[in-house]
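Peer 1: Structure file input_36.cif (mmCIF, C-alpha atoms) right here:
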```
data_protein
loop_
_atom_site.label_atom_id
_atom_site.label_comp_id
_atom_site.auth_asym_id
_atom_site.auth_seq_id
_atom_site.Cartn_x
_atom_site.Cartn_y
_atom_site.Cartn_z
CA MET F 1 0.00 0.00 0.00
CA ASN F 2 1.38 3.42 -0.99
CA GLN F 3 0.15 6.89 -0.09
CA VAL F 4 -0.37 9.23 -3.04
CA ALA F 5 -1.32 12.30 -1.01
CA ALA F 6 -3.32 13.13 2.10
CA GLY F 7 -6.24 10.70 2.35
CA VAL F 8 -5.38 8.89 -0.90
CA PHE F 9 -3.89 5.38 -0.94
CA GLN F 10 -2.80 3.15 -3.81
CA LEU F 11 -3.01 -0.65 -3.78
CA ARG F 12 -1.21 -2.63 -6.51
CA ILE F 13 -3.12 -5.68 -7.71
CA LYS F 14 -0.99 -8.58 -8.99
CA ARG F 15 1.85 -6.06 -9.53
CA PHE F 16 0.00 -4.93 -12.64
CA VAL F 17 -2.92 -2.58 -12.02
CA ASN F 18 -3.79 -0.11 -9.26
CA VAL F 19 -6.86 0.70 -7.21
CA TYR F 20 -7.28 3.73 -4.96
CA PHE F 21 -8.89 4.39 -1.59
CA ILE F 22 -9.98 8.03 -1.34
CA GLU F 23 -11.17 9.58 1.93
CA THR F 24 -14.17 11.88 1.50
CA GLY F 25 -13.28 14.29 4.29
CA THR F 26 -15.98 12.88 6.57
CA PRO F 27 -14.66 10.47 9.23
CA ASP F 28 -14.79 6.80 8.18
CA GLU F 29 -16.18 7.64 4.73
CA TRP F 30 -14.28 6.81 1.57
CA VAL F 31 -14.66 5.93 -2.12
CA LEU F 32 -12.97 3.08 -4.00
CA LEU F 33 -11.57 4.06 -7.40
CA ASP F 34 -11.34 1.05 -9.76
CA THR F 35 -11.40 -2.61 -8.72
CA GLY F 36 -8.53 -4.36 -10.51
CA LEU F 37 -8.64 -7.76 -12.15
CA PRO F 38 -11.34 -10.40 -11.60
CA GLY F 39 -10.73 -12.22 -8.35
CA SER F 40 -9.20 -9.19 -6.60
CA GLU F 41 -12.09 -8.64 -4.20
CA GLN F 42 -10.55 -10.35 -1.15
CA GLU F 43 -7.29 -8.43 -1.49
CA ILE F 44 -9.18 -5.14 -1.81
CA ARG F 45 -11.46 -5.85 1.14
CA ALA F 46 -8.47 -6.78 3.30
CA ALA F 47 -6.73 -3.52 2.39
CA ALA F 48 -9.92 -1.55 3.12
CA GLU F 49 -10.16 -3.06 6.59
CA GLN F 50 -6.49 -2.35 7.20
CA LEU F 51 -7.11 1.32 6.39
CA PHE F 52 -10.58 1.89 7.82
CA GLY F 53 -11.25 -0.92 10.29
CA PRO F 54 -13.24 -4.19 10.39
CA GLY F 55 -16.31 -4.26 8.15
CA ALA F 56 -15.22 -1.14 6.26
CA LYS F 57 -17.08 -0.40 3.04
CA PRO F 58 -17.04 2.61 0.72
CA GLN F 59 -19.80 5.07 -0.08
CA CYS F 60 -19.54 3.91 -3.70
CA ILE F 61 -17.22 2.35 -6.24
CA LEU F 62 -16.10 4.75 -8.96
CA LEU F 63 -14.56 3.42 -12.18
CA THR F 64 -12.18 5.44 -14.33
CA HIS F 65 -13.36 3.20 -17.19
CA GLY F 66 -14.73 -0.26 -17.78
CA HIS F 67 -11.81 -2.27 -19.14
CA LEU F 68 -11.53 -5.66 -17.46
CA ASP F 69 -8.41 -4.82 -15.46
CA HIS F 70 -10.24 -1.87 -13.87
CA MET F 71 -13.73 -3.29 -13.32
CA GLY F 72 -12.87 -6.95 -12.81
CA ALA F 73 -13.93 -7.18 -9.15
CA ALA F 74 -16.62 -4.47 -9.29
CA LEU F 75 -19.64 -6.78 -9.32
CA ALA F 76 -18.35 -8.96 -6.48
CA LEU F 77 -17.45 -5.95 -4.32
CA ALA F 78 -20.64 -4.01 -5.03
CA THR F 79 -22.73 -7.06 -4.19
CA ALA F 80 -20.83 -7.83 -0.98
CA TRP F 81 -20.82 -4.23 0.22
CA GLY F 82 -24.27 -3.24 -1.05
CA VAL F 83 -22.96 -0.08 -2.75
CA PRO F 84 -23.35 1.24 -6.32
CA VAL F 85 -20.75 1.28 -9.08
CA VAL F 86 -20.55 4.67 -10.80
CA VAL F 87 -19.29 5.14 -14.37
CA HIS F 88 -19.40 7.87 -17.00
CA PRO F 89 -22.57 7.48 -19.13
CA LEU F 90 -20.46 6.65 -22.20
CA GLU F 91 -19.16 3.55 -20.39
CA MET F 92 -22.65 2.22 -19.62
CA PRO F 93 -23.16 0.12 -22.80
CA TYR F 94 -19.88 -1.72 -22.24
CA VAL F 95 -20.28 -2.54 -18.54
CA THR F 96 -23.87 -3.74 -19.07
CA GLN F 97 -23.03 -6.06 -22.00
CA GLN F 98 -24.93 -3.94 -24.51
CA ALA F 99 -21.80 -3.33 -26.59
CA LEU F 100 -18.15 -4.31 -26.92
CA TYR F 101 -15.27 -1.84 -26.82
CA PRO F 102 -13.43 -1.15 -30.09
CA PRO F 103 -11.29 -4.23 -30.79
CA SER F 104 -7.74 -4.15 -29.48
CA ASP F 105 -5.06 -3.59 -32.08
CA PRO F 106 -2.29 -6.22 -31.95
CA THR F 107 -0.69 -4.70 -35.07
CA VAL F 108 0.31 -1.54 -33.20
CA GLY F 109 3.44 -3.38 -32.06
CA GLY F 110 5.03 -4.09 -28.71
CA SER F 111 4.76 -6.72 -25.98
CA LEU F 112 1.37 -5.56 -24.69
CA ALA F 113 -0.01 -5.64 -28.24
CA PHE F 114 1.20 -9.22 -28.61
CA MET F 115 -0.57 -10.24 -25.38
CA SER F 116 -3.75 -8.35 -26.33
CA ARG F 117 -4.54 -11.12 -28.83
CA PHE F 118 -5.43 -13.33 -25.88
CA PHE F 119 -7.35 -10.89 -23.67
CA PRO F 120 -11.09 -11.61 -23.19
CA THR F 121 -13.50 -9.15 -24.78
CA GLN F 122 -16.66 -9.98 -22.79
CA LEU F 123 -17.01 -8.10 -19.49
CA PRO F 124 -18.98 -8.91 -16.33
CA ASN F 125 -22.49 -7.44 -16.43
CA LEU F 126 -22.94 -4.61 -13.91
CA LYS F 127 -26.53 -3.78 -14.90
CA ASP F 128 -27.91 -4.49 -11.41
CA VAL F 129 -25.37 -2.36 -9.53
CA VAL F 130 -24.25 0.40 -11.91
CA GLU F 131 -25.23 4.08 -11.95
CA ALA F 132 -24.30 6.84 -14.38
CA LEU F 133 -22.05 9.66 -13.24
CA PRO F 134 -24.14 12.89 -13.12
CA LEU F 135 -22.78 15.05 -15.94
CA GLY F 136 -24.20 18.25 -14.46
CA ASP F 137 -21.93 18.06 -11.42
CA GLU F 138 -18.16 18.46 -11.79
CA HIS F 139 -17.62 16.74 -8.45
CA PRO F 140 -17.71 12.93 -8.25
CA PRO F 141 -20.19 11.45 -5.77
CA TYR F 142 -19.06 11.96 -2.15
CA LEU F 143 -15.85 13.71 -3.26
CA ALA F 144 -16.62 17.42 -2.96
CA GLN F 145 -12.92 18.36 -2.89
CA TRP F 146 -12.32 16.69 -6.25
CA ARG F 147 -13.49 17.23 -9.80
CA TRP F 148 -13.63 14.72 -12.59
CA LEU F 149 -12.43 15.26 -16.16
CA HIS F 150 -13.48 13.38 -19.28
CA VAL F 151 -10.29 11.98 -20.86
CA PRO F 152 -11.31 9.72 -23.79
CA GLY F 153 -9.18 7.98 -26.40
CA HIS F 154 -8.35 4.87 -24.39
CA ALA F 155 -12.00 4.30 -23.42
CA PRO F 156 -14.99 6.41 -24.55
CA GLY F 157 -16.06 7.41 -21.04
CA GLN F 158 -12.72 7.37 -19.25
CA ILE F 159 -12.41 9.90 -16.44
CA ALA F 160 -9.58 11.26 -14.29
CA LEU F 161 -9.89 12.84 -10.85
CA PHE F 162 -8.10 16.03 -9.76
CA ARG F 163 -7.89 17.73 -6.37
CA GLU F 164 -6.96 21.38 -6.77
CA ALA F 165 -5.95 21.91 -3.13
CA ASP F 166 -2.74 19.88 -3.47
CA HIS F 167 -2.64 19.18 -7.22
CA THR F 168 -3.31 15.46 -6.84
CA LEU F 169 -4.19 13.63 -10.06
CA LEU F 170 -5.59 10.12 -10.46
CA ALA F 171 -5.43 9.60 -14.21
CA GLY F 172 -6.72 6.09 -14.95
CA ASP F 173 -5.21 4.96 -18.24
CA ALA F 174 -4.93 8.41 -19.82
CA PHE F 175 -1.21 7.77 -19.36
CA ALA F 176 0.92 5.46 -17.22
CA THR F 177 3.62 6.00 -14.60
CA THR F 178 5.66 3.07 -15.87
CA ASN F 179 6.82 1.91 -19.28
CA HIS F 180 3.73 0.01 -20.38
CA GLU F 181 5.70 -1.72 -23.13
CA SER F 182 8.11 -3.36 -20.69
CA LEU F 183 6.72 -6.24 -18.64
CA PRO F 184 9.66 -6.13 -16.17
CA ALA F 185 9.11 -2.37 -15.69
CA VAL F 186 5.41 -2.90 -15.00
CA LEU F 187 5.96 -5.80 -12.59
CA LEU F 188 8.81 -4.06 -10.75
CA GLY F 189 7.02 -0.71 -10.63
CA ILE F 190 9.82 1.26 -12.27
CA PRO F 191 8.60 4.89 -12.53
CA LYS F 192 8.32 6.52 -15.96
CA ILE F 193 5.62 8.77 -17.41
CA SER F 194 4.57 7.06 -20.64
CA VAL F 195 1.76 6.20 -23.03
CA ALA F 196 -0.74 3.77 -21.51
CA GLY F 197 -2.23 0.71 -23.21
CA PRO F 198 -1.32 1.29 -26.90
CA PRO F 199 -3.29 -1.69 -28.32
CA PHE F 200 -6.46 -0.38 -26.62
CA ASN F 201 -6.11 3.25 -27.73
CA TYR F 202 -8.77 3.58 -30.42
CA ASP F 203 -8.36 7.35 -31.02
CA TRP F 204 -4.79 8.63 -30.83
CA ALA F 205 -5.75 12.29 -31.28
CA GLN F 206 -8.06 12.05 -28.27
CA CYS F 207 -5.35 10.29 -26.25
CA ARG F 208 -2.94 13.11 -26.94
CA ALA F 209 -5.54 15.80 -26.15
CA SER F 210 -6.39 14.04 -22.87
CA VAL F 211 -2.74 13.99 -21.79
CA GLN F 212 -2.38 17.65 -22.72
CA ALA F 213 -5.44 18.57 -20.65
CA LEU F 214 -4.07 16.71 -17.63
CA ALA F 215 -0.58 18.16 -18.00
CA ALA F 216 -2.09 21.65 -17.98
CA LEU F 217 -3.30 20.99 -14.41
CA GLU F 218 0.36 20.85 -13.29
CA PRO F 219 -0.13 17.88 -10.94
CA ARG F 220 2.41 17.27 -8.17
CA HIS F 221 1.00 13.96 -6.89
CA ILE F 222 0.23 11.42 -9.63
CA GLY F 223 -1.37 7.99 -9.54
CA CYS F 224 -2.36 6.08 -12.68
CA GLY F 225 -3.97 2.76 -13.47
CA HIS F 226 -0.54 1.24 -14.06
CA GLY F 227 2.73 2.15 -12.41
CA PRO F 228 3.96 3.55 -9.09
CA VAL F 229 3.05 6.80 -7.38
CA MET F 230 5.06 9.75 -8.70
CA THR F 231 5.35 13.07 -6.88
CA GLY F 232 7.18 16.36 -7.09
CA LEU F 233 8.32 18.80 -9.72
CA GLN F 234 10.02 16.19 -11.90
CA ALA F 235 6.81 14.17 -12.24
CA MET F 236 5.00 17.29 -13.42
CA LEU F 237 7.77 18.11 -15.90
CA ASP F 238 7.83 14.55 -17.25
CA LEU F 239 4.08 14.69 -17.87
CA GLN F 240 4.50 18.02 -19.62
CA HIS F 241 7.17 16.47 -21.83
CA LEU F 242 4.81 13.63 -22.77
CA ALA F 243 2.11 16.17 -23.61
CA ASN F 244 4.45 18.25 -25.77
CA ASP F 245 5.96 15.28 -27.59
CA TYR F 246 3.27 12.62 -27.50
CA PRO F 247 4.60 9.59 -29.42
CA LEU F 248 2.40 7.95 -32.01
CA PRO F 249 2.89 4.33 -33.07
CA ALA F 250 4.56 3.59 -36.40
CA GLN F 251 1.65 1.42 -37.48
CA GLY F 252 -1.72 0.14 -36.41
CA ARG F 253 -5.44 0.01 -37.17
CA TYR F 254 -6.32 3.29 -35.48
CA LEU F 255 -3.24 5.32 -36.42
CA HIS F 256 -4.77 7.16 -39.38
CA GLU F 257 -8.47 6.70 -38.66
CA PRO F 258 -10.01 6.39 -35.19
CA ALA F 259 -12.94 4.29 -34.13
CA ARG F 260 -16.04 6.39 -33.50
CA THR F 261 -18.33 5.78 -30.54
CA ASP F 262 -21.61 7.19 -29.27
CA ALA F 263 -23.93 6.67 -26.32
CA SER F 264 -24.91 3.18 -27.54
CA GLY F 265 -21.42 1.86 -28.27
CA VAL F 266 -19.17 1.69 -31.32
CA GLU F 267 -20.57 3.59 -34.28
CA HIS F 268 -17.73 3.10 -36.79
CA LEU F 269 -14.56 1.02 -37.05
CA PRO F 270 -11.72 1.51 -39.54
CA PRO F 271 -10.80 -1.63 -41.47
CA PRO F 272 -8.38 -3.95 -39.66
CA VAL F 273 -4.72 -4.04 -40.60
CA GLU F 274 -3.42 -7.47 -41.60
CA ASP F 275 -2.07 -9.27 -38.56
CA LYS F 276 0.82 -11.34 -39.94
CA LEU F 277 1.68 -13.08 -36.69
CA PRO F 278 -0.99 -15.85 -36.86
CA LYS F 279 0.17 -16.78 -40.38
CA GLN F 280 3.80 -16.68 -39.30
CA ALA F 281 3.01 -18.77 -36.23
CA ALA F 282 1.08 -21.24 -38.40
CA ALA F 283 3.98 -21.50 -40.83
CA ILE F 284 6.42 -22.09 -37.96
CA GLY F 285 4.06 -24.67 -36.50
CA VAL F 286 3.79 -26.53 -39.82
CA GLY F 287 7.55 -26.42 -40.18
CA LEU F 288 8.04 -27.87 -36.70
CA LEU F 289 5.49 -30.60 -37.40
CA LEU F 290 7.21 -31.53 -40.66
CA ALA F 291 10.59 -31.53 -38.97
CA GLY F 292 9.23 -33.72 -36.20
CA ALA F 293 7.63 -36.11 -38.67
CA GLY F 294 10.90 -36.31 -40.61
CA TRP F 295 12.85 -37.01 -37.46
CA LEU F 296 10.46 -39.81 -36.48
CA LEU F 297 10.59 -41.26 -39.99
CA VAL F 298 14.39 -41.28 -40.11
CA GLY F 299 14.53 -42.71 -36.59
CA GLY F 300 12.09 -45.47 -37.56
CA ARG F 301 14.15 -46.46 -40.59
CA ARG F 302 17.33 -46.64 -38.52
CA LYS F 303 15.63 -48.95 -36.05
CA LYS F 304 14.43 -51.22 -38.87
CA ARG F 305 17.93 -51.44 -40.37
CA LYS F 306 19.38 -52.24 -36.97
CA LYS F 307 16.87 -55.04 -36.41
CA ALA F 308 17.48 -56.46 -39.92
CA LYS F 309 21.30 -56.54 -39.54
CA PRO F 310 22.48 -60.21 -39.99
CA GLN F 311 24.28 -61.88 -37.13
CA ARG F 312 27.94 -62.91 -37.49
CA PRO F 313 28.70 -66.68 -37.72
CA GLY F 314 29.14 -68.19 -34.30
CA HIS F 315 27.31 -65.31 -32.61
CA TYR F 316 24.44 -66.26 -30.34
CA ALA F 317 21.94 -63.86 -28.83
#
```
As structure tokens, how would this structure be written, given the file I've shared?
Peer 2:
Amino acid sequence: MNQVAAGVFQLRIKRFVNVYFIETGTPDEWVLLDTGLPGSEQEIRAAAEQLFGPGAKPQCILLTHGHLDHMGAALALATAWGVPVVVHPLEMPYVTQQALYPPSDPTVGGSLAFMSRFFPTQLPNLKDVVEALPLGDEHPPYLAQWRWLHVPGHAPGQIALFREADHTLLAGDAFATTNHESLPAVLLGIPKISVAGPPFNYDWAQCRASVQALAALEPRHIGCGHGPVMTGLQAMLDLQHLANDYPLPAQGRYLHEPARTDASGVEHLPPPVEDKLPKQAAAIGVGLLLAGAGWLLVGGRRKKRKKAKPQRPGHYA
């Protein structure tokens, strides 16, 4: 457990994704931001009781967005605690199984893109516990000292939270505080302001604009969906550098044309880019099978010749 700022605590789930416990300012009241991967509920409840005492439960669960690594334990926790899950209205079709997010893009390149081929696309259904974030109020529920910002590009209804009093920013996956393309960096929590989740970024112009909007806040305490807590002037300057020189991928489905979404889900998808890896893997697999078959065939012939070899005169078995 790491402290981001006064009354804000970060818990790393499976060394991969973060959840946050945010005190409301009223004694014993708090909000849970994001819920990690499926199966994380016991770890989160244990951390909550460590912070707030036996039987502790939040006023609500707030999701930065509905990707599986952020909403995985939401249904289990909301049911156990009897509290609502709150999401931006543009996330509602995805977390209620009315729509699927824009497909991930494995052709964008990198280790996370490679692994994205195997990530599930169907999410748990939160329809019985979810509520829409009120758009007419800049403050999230129960968090009067904070305001939320719409930061799309990675998910249509992704939000970030900002507390003006001490310039604390909880940014979801608008960016990351570790190199998201390096599995060792993610697992070890090596700090680095960087692009978050490239294979899931369906609109690169929006991603860049979201980072620029957050950098303009000049945050001094930063927590993201992935990576360690970063604080101080250097963290702010590193975020500003990312905003000023936001790197685009060299290739990918959404590089030149974004997916378009609306209140009901995905409205338009650009055509997919050819993913050569399955064909290459198939070719390698066929080659290995042929090589294996050849090895068995040669081995079988050698055994036959050995068995057929005539015995020398006077030799007895």
Peer 1: Residue by residue, what does the PyMOL selection byres ((chain F and resi 124-131) around 6) grab here? Present the result as an NGL selection string.
Peer 2: :F and (84-86 or 95-97 or 123 or 132)
Peer 1: Taking C-alpha atoms for each residue, export the selection above as a PDB file, in the frame of the given file.
Peer 2:
```pdb
ATOM      1  CA  PRO F  84     -23.350   1.240  -6.320  1.00  0.00           C
ATOM      2  CA  VAL F  85     -20.750   1.280  -9.080  1.00  0.00           C
ATOM      3  CA  VAL F  86     -20.550   4.670 -10.800  1.00  0.00           C
ATOM      4  CA  VAL F  95     -20.280  -2.540 -18.540  1.00  0.00           C
ATOM      5  CA  THR F  96     -23.870  -3.740 -19.070  1.00  0.00           C
ATOM      6  CA  GLN F  97     -23.030  -6.060 -22.000  1.00  0.00           C
ATOM      7  CA  LEU F 123     -17.010  -8.100 -19.490  1.00  0.00           C
ATOM      8  CA  ALA F 132     -24.300   6.840 -14.380  1.00  0.00           C
TER       9      ALA F 132
END
```
Peer 1: F:Trp30, F:Trp81, F:Phe9, F:Tyr20: which is nearest F:Ala144, counting all atoms listed in the file?
Peer 2: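 Once distances to F:Ala144 are computed over all atoms listed in the file, the minimum belongs to F:Trp30.
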Peer 1: Using atom CA of F:Val273 and atom CA of F:Arg253 as the two end points, give the distance in Å to one decimal.
Peer 2: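 Straight-line distance from atom CA of F:Val273 to atom CA of F:Arg253 works out to 5.4 Å.
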Peer 1: The PyMOL selection byres ((chain F and resi 247) around 12) - which residues does that actually catch in the file I just gave you? List them as a list in words.
Peer 2: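 Applied to this file, the PyMOL selection byres ((chain F and resi 247) around 12) selects Phe175, Ser194, Val195, Ala196, Pro198, Trp204, Ala205, Cys207, Arg208, Val211, His241, Leu242, Ala243, Asn244, Asp245, Tyr246, Leu248, Pro249, Ala250, Gln251 and Leu255 of chain F.
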Peer 1: Please produce a file of those selected residues containing C-alpha atoms, as an mmCIF file, keeping the file's coordinate frame.
Peer 2:
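The result, stored in part-v4.cif:
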```cif
data_model
loop_
_atom_site.group_PDB
_atom_site.id
_atom_site.type_symbol
_atom_site.label_atom_id
_atom_site.label_comp_id
_atom_site.auth_asym_id
_atom_site.auth_seq_id
_atom_site.Cartn_x
_atom_site.Cartn_y
_atom_site.Cartn_z
ATOM 1 C CA PHE F 175 -1.210 7.770 -19.360
ATOM 2 C CA SER F 194 4.570 7.060 -20.640
ATOM 3 C CA VAL F 195 1.760 6.200 -23.030
ATOM 4 C CA ALA F 196 -0.740 3.770 -21.510
ATOM 5 C CA PRO F 198 -1.320 1.290 -26.900
ATOM 6 C CA TRP F 204 -4.790 8.630 -30.830
ATOM 7 C CA ALA F 205 -5.750 12.290 -31.280
ATOM 8 C CA CYS F 207 -5.350 10.290 -26.250
ATOM 9 C CA ARG F 208 -2.940 13.110 -26.940
ATOM 10 C CA VAL F 211 -2.740 13.990 -21.790
ATOM 11 C CA HIS F 241 7.170 16.470 -21.830
ATOM 12 C CA LEU F 242 4.810 13.630 -22.770
ATOM 13 C CA ALA F 243 2.110 16.170 -23.610
ATOM 14 C CA ASN F 244 4.450 18.250 -25.770
ATOM 15 C CA ASP F 245 5.960 15.280 -27.590
ATOM 16 C CA TYR F 246 3.270 12.620 -27.500
ATOM 17 C CA LEU F 248 2.400 7.950 -32.010
ATOM 18 C CA PRO F 249 2.890 4.330 -33.070
ATOM 19 C CA ALA F 250 4.560 3.590 -36.400
ATOM 20 C CA GLN F 251 1.650 1.420 -37.480
ATOM 21 C CA LEU F 255 -3.240 5.320 -36.420
#
```
Peer 1: Written as a list of chain:residue names, what is the full residue list that the PyMOL selection byres ((chain F and resi 161) around 8) yields on the file shown?
Peer 2: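 When the PyMOL selection byres ((chain F and resi 161) around 8) is applied to the shown file, the picked residues are F:Trp146, F:Arg147, F:Trp148, F:Leu149, F:Ile159, F:Ala160, F:Phe162, F:Arg163, F:Leu169, F:Leu170, F:Ala171.
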Peer 1: State, in Å with one decimal place, the distance from atom CA of F:Glu274 to atom CA of F:Thr261.
Peer 2: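 Value for the atom CA of F:Glu274-atom CA of F:Thr261 distance: 22.8 Å.
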Peer 1: Within 7 Å of F:Leu11, counting only C-alpha atoms, which residues show up once you throw out same-chain ones fewer than 3 positions away? Write them as a PyMOL selection string, please.
Peer 2: chain F and resi 1-2+18-20
